[in-house]
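What follows is one structure encoded as structure tokens, with my remarks underneath.
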Amino acid sequence: MRIAIDAMGGDHAPVEIVKGAIQAVEANEQLQITLVGDEEQIKPLIKDTKNITIIHTKEKITSEDEPVRAVRRKKQASMVLMAQEVKEGRADACISAGNTGALMSAGLFIVGRIKGIERPALSPTLPTVDGKGFLLLDVGANVDAKAQHLVQYAIMGSIYSEKVRGIKQPKVGLLNVGTEDGKGSDLAKKAFAGLKEAPVEFVGNVEARDLLDGVADIVVTDGFSGNIALKTIEGTAMTMFSMIKETFMSNFKTKLAAGLVKNDLKQLKDKLDYSEYGGAGLFGLSAPVIKAHGSSNARAVFNAIRQATHMAEEDVTTKIAETVKSIHGTEEEEA
């Protein structure tokens with residue numbers, strides 16, 4: 001298994017990226033990792049170069065760069081060269097914690113889209129109270145969507161959840177303003193009708209307040225609504241822990257109590273940390289492309305590598321392509 005990683009993408013690059021890569025090859029001797037970035041910064045961080053190679057480049061795409069222009073003009077950028085490794089068959093999957101829009105552009109223009117998939121989806125796995133987590137897609141790859149795009153998201157999410165996350169007959173919900181049939185916008189109503197006919201375990205409309213209760217294994221929506229839901233969950237978790245910390249640090253008595261529950265609070269924080277599930281997959285591309293969180297530490301990078309490895313081993317992209325092709329073939333026959 002060969003994974004290419006943009007070593008210069010993210011807030012803590014290249015140190016945490018390299019640390020995560022080292023942990024991954026130590027855990028899996030069959031894994032080969034190519035780190036793309038400034039060799040002068042990367043090499044001193046690697047004691048044993050076994051199973052890790054470096055493609056040197058000083059050019060990188062920053063968070064300030066305009067995504068499409070950067071991918072087209074910065075031909076030697078670490079993210080672009082990473083995607084080229086996949087396109088030319090030297091890597092089975094790739095990972096970056098860098099500019100999300102640029103990674104999306106690199107995925108579309110360089111790695112390429114699965115035939116029959118109209119729009120790729122950005123798809124993180126978010127935490128639930130039972131620890132299983134749920135897949136939310138799309139969270140920003142496409143702010144505008146059509147009903148058929150949401151149906152394709154459901155199909156891709158179902159295949160990923162079954163093959164990579166090991167969930168049999170994963171339940172699919174449609175994010176909406178109410179659970180009753182016929183609720184929502186014109187897009188939601190058309191998507192509801194399409195999902196009822198799709199080859200997925202559709203459980204109907206779901207509300208945002210029930211997401212973390214595990215109401216569905218996969219929740220589909222347009223990228224605009226999905227991004228708002230994602231950022232709301234992120235912000236709520238951060239604010240909640242900030243408030244808890246402030247409360248515990250308010251006086252001597254609460255500081256004493258904090259010492260007693262320190263480990264329990266850490267476990268709760270870890271439970272709410274969606275980087276534990278890996279990165280956000282860009283589903284719909286012809287090879288696994290993973291967007292790691294911009295603030296990823298070594299542990300998050302390690303989990304993203306494990307996620308990419310499972311996707312490649314289970315040949316998720318081929319299974320998505322075959323399912324979409326079979327559906328299109330059936331529709332053509334009926335027509």
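Chains: A, B, ... in order of the structure tokens. Residues: from 1 per chain. Ligands: from 1, in order shown.
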- List the neighbours of A:Lys43 out to 12 Å using only C-alpha atoms; skip same-chain residues closer than 3 positions along the sequence, and give me the result as a ChimeraX atom specification. /A:7,14-15,18-19,22,35-40,46-49,52-56
What would the file look like if the residues just selected were written as a compact mmCIF listing (two decimals), in the first residue's frame with N, CA, C and O atoms?
# COMPACT_ATOMS: atom_id res chain seq x y z
N ALA A 7 3.28 17.06 2.91
CA ALA A 7 3.93 17.28 4.21
C ALA A 7 3.93 18.74 4.64
O ALA A 7 4.23 19.05 5.79
N PRO A 14 5.83 20.83 8.91
CA PRO A 14 5.75 19.40 8.61
C PRO A 14 5.89 18.51 9.83
O PRO A 14 5.79 17.29 9.71
N VAL A 15 6.11 19.08 11.03
CA VAL A 15 6.46 18.26 12.21
C VAL A 15 5.40 17.21 12.51
O VAL A 15 5.71 16.01 12.59
N VAL A 18 4.90 14.53 9.71
CA VAL A 18 5.96 13.52 9.70
C VAL A 18 5.80 12.56 10.87
O VAL A 18 5.94 11.34 10.72
N LYS A 19 5.49 13.08 12.04
CA LYS A 19 5.29 12.22 13.22
C LYS A 19 4.17 11.20 12.96
O LYS A 19 4.30 10.01 13.29
N ILE A 22 5.37 8.50 10.56
CA ILE A 22 6.27 7.55 11.24
C ILE A 22 5.46 6.55 12.06
O ILE A 22 5.72 5.34 12.03
N LEU A 35 6.37 11.40 1.37
CA LEU A 35 6.14 12.74 1.91
C LEU A 35 6.60 13.76 0.87
O LEU A 35 7.74 13.70 0.40
N VAL A 36 5.72 14.68 0.51
CA VAL A 36 6.05 15.68 -0.51
C VAL A 36 6.21 17.04 0.16
O VAL A 36 5.28 17.55 0.80
N GLY A 37 7.43 17.60 0.06
CA GLY A 37 7.67 18.88 0.69
C GLY A 37 9.15 19.21 0.78
O GLY A 37 9.98 18.59 0.10
N ASP A 38 9.47 20.17 1.62
CA ASP A 38 10.84 20.66 1.75
C ASP A 38 11.70 19.64 2.50
O ASP A 38 11.56 19.44 3.70
N GLU A 39 12.60 19.01 1.77
CA GLU A 39 13.44 17.95 2.34
C GLU A 39 14.30 18.46 3.50
O GLU A 39 14.56 17.74 4.46
N GLU A 40 14.72 19.72 3.42
CA GLU A 40 15.55 20.29 4.48
C GLU A 40 14.81 20.33 5.83
O GLU A 40 15.42 20.21 6.89
N ILE A 46 13.11 12.53 10.54
CA ILE A 46 13.01 11.09 10.30
C ILE A 46 14.32 10.40 10.67
O ILE A 46 15.35 10.61 10.02
N LYS A 47 14.28 9.56 11.69
CA LYS A 47 15.48 8.83 12.10
C LYS A 47 15.69 7.61 11.21
O LYS A 47 16.81 7.29 10.81
N ASP A 48 14.61 6.89 10.94
CA ASP A 48 14.68 5.69 10.11
C ASP A 48 13.84 5.94 8.86
O ASP A 48 12.63 6.11 8.94
N THR A 49 14.50 6.00 7.71
CA THR A 49 13.78 6.31 6.46
C THR A 49 13.15 5.07 5.81
O THR A 49 12.61 5.16 4.71
N ILE A 52 9.63 5.18 4.17
CA ILE A 52 9.27 6.58 3.93
C ILE A 52 10.23 7.20 2.93
O ILE A 52 11.45 7.13 3.11
N THR A 53 9.69 7.77 1.85
CA THR A 53 10.51 8.47 0.87
C THR A 53 10.06 9.92 0.81
O THR A 53 8.95 10.27 1.23
N ILE A 54 10.94 10.77 0.29
CA ILE A 54 10.65 12.21 0.22
C ILE A 54 10.76 12.69 -1.23
O ILE A 54 11.73 12.37 -1.92
N ILE A 55 9.76 13.44 -1.65
CA ILE A 55 9.85 14.16 -2.93
C ILE A 55 10.06 15.63 -2.56
O ILE A 55 9.21 16.25 -1.92
N HIS A 56 11.19 16.16 -2.95
CA HIS A 56 11.55 17.50 -2.51
C HIS A 56 10.90 18.59 -3.36
O HIS A 56 10.91 18.54 -4.59
- Task: Find the spatial neighbours of A:Gly116, counting only C-alpha atoms, within a cut-off of 12 Å - ignore same-chain residues fewer than 6 positions away - and output them as a PyMOL selection string.
- Result: chain A and resi 148-149+152+156+284-286+317-318+320-329
- Message: Neighbouring residues of A:Gln169 were defined as those with any atom within 9 Å, considering only C-alpha atoms; residues of the same chain fewer than 3 positions away were excluded. Please report them as a count of residues only.
- Response: 5
- DSSP helix (DSSP H, G or I) selection over stretch 119-288 of chain A, as a PyMOL selection string: chain A and resi 147-163+186-197+208-213+223-248+252-271+274-277
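Across the structure, atom CA of A:Pro120 and atom CA of A:Leu135 are spaced 14.6 Å apart.
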- Using only C-alpha atoms, determine which residues lie at most 7 Å from A:Ala191, disregarding the query and same-chain residues fewer than 5 positions distant; provide the list as an NGL selection string. :A and (147-148 or 150-151)
Given the selection you just returned, output its residues as a file containing all heavy atoms, formatted as a short mmCIF file (atom, residue, chain, number, x, y, z; two decimals), in the first residue's frame.
data_model
loop_
_atom_site.label_atom_id
_atom_site.label_comp_id
_atom_site.auth_asym_id
_atom_site.auth_seq_id
_atom_site.Cartn_x
_atom_site.Cartn_y
_atom_site.Cartn_z
N ALA A 147 -31.04 17.35 -6.44
CA ALA A 147 -31.52 16.15 -5.74
C ALA A 147 -30.70 14.91 -6.09
O ALA A 147 -30.38 14.10 -5.22
CB ALA A 147 -32.99 15.93 -6.07
N GLN A 148 -30.34 14.77 -7.37
CA GLN A 148 -29.58 13.58 -7.78
C GLN A 148 -28.20 13.54 -7.16
O GLN A 148 -27.62 12.47 -6.97
CB GLN A 148 -29.49 13.46 -9.30
CG GLN A 148 -28.72 14.56 -10.01
CD GLN A 148 -29.62 15.64 -10.56
OE1 GLN A 148 -30.68 15.92 -9.97
NE2 GLN A 148 -29.24 16.23 -11.68
N LEU A 150 -27.53 14.52 -4.05
CA LEU A 150 -27.72 14.00 -2.70
C LEU A 150 -27.94 12.48 -2.72
O LEU A 150 -27.49 11.78 -1.81
CB LEU A 150 -28.89 14.70 -2.01
CG LEU A 150 -28.55 15.97 -1.23
CD1 LEU A 150 -27.92 17.03 -2.12
CD2 LEU A 150 -29.77 16.53 -0.52
N VAL A 151 -28.61 12.00 -3.76
CA VAL A 151 -28.79 10.54 -3.90
C VAL A 151 -27.43 9.86 -4.10
O VAL A 151 -27.15 8.82 -3.50
CB VAL A 151 -29.74 10.23 -5.07
CG1 VAL A 151 -29.79 8.72 -5.33
CG2 VAL A 151 -31.15 10.74 -4.78
#
- Residues at most 9 Å from A:Asp130, counting only C-alpha atoms, excluding those fewer than 6 positions away in the same chain, as an NGL selection string? :A and (212-214)
Could those residues be written to a file, using C-alpha atoms, as a compact mmCIF listing (two decimals), in the first residue's frame?
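And here is the file that came out, part38.txt:
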# COMPACT_ATOMS: atom_id res chain seq x y z
CA LEU A 212 -25.11 13.37 17.74
CA ASP A 213 -27.63 10.87 19.11
CA GLY A 214 -26.83 8.58 16.18
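Using only C-alpha atoms, the nearest neighbour of A:Leu230 within the list A:Asn263, A:Leu211, A:Arg113, A:Ala154 is A:Leu211.
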Counting only C-alpha atoms, what is within 12 Å of A:Ile233, bar same-chain residues fewer than 5 positions away, as a compact mmCIF listing (two decimals) with C-alpha atoms, in the first residue's frame?
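As a result, part35.txt now contains:
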# COMPACT_ATOMS: atom_id res chain seq x y z
CA LEU A 126 -18.56 13.02 13.32
CA PRO A 127 -18.95 11.73 16.90
CA THR A 128 -22.13 10.35 18.46
CA LEU A 136 -22.04 13.77 7.12
CA ALA A 208 -29.92 18.60 13.27
CA ARG A 209 -30.62 18.29 17.01
CA ASP A 210 -30.63 14.48 16.72
CA LEU A 211 -27.37 14.09 14.76
CA LEU A 212 -25.11 13.37 17.74
CA GLY A 226 -23.66 20.64 5.77
CA ASN A 227 -20.88 23.14 6.39
CA ILE A 228 -23.09 25.14 8.75
CA MET A 238 -15.11 24.13 21.72
CA THR A 239 -17.32 26.58 23.61
CA MET A 240 -18.61 23.90 25.96
CA LEU A 272 -16.05 14.57 20.82
CA ASP A 273 -12.89 14.88 18.70
CA TYR A 274 -13.82 13.85 15.16
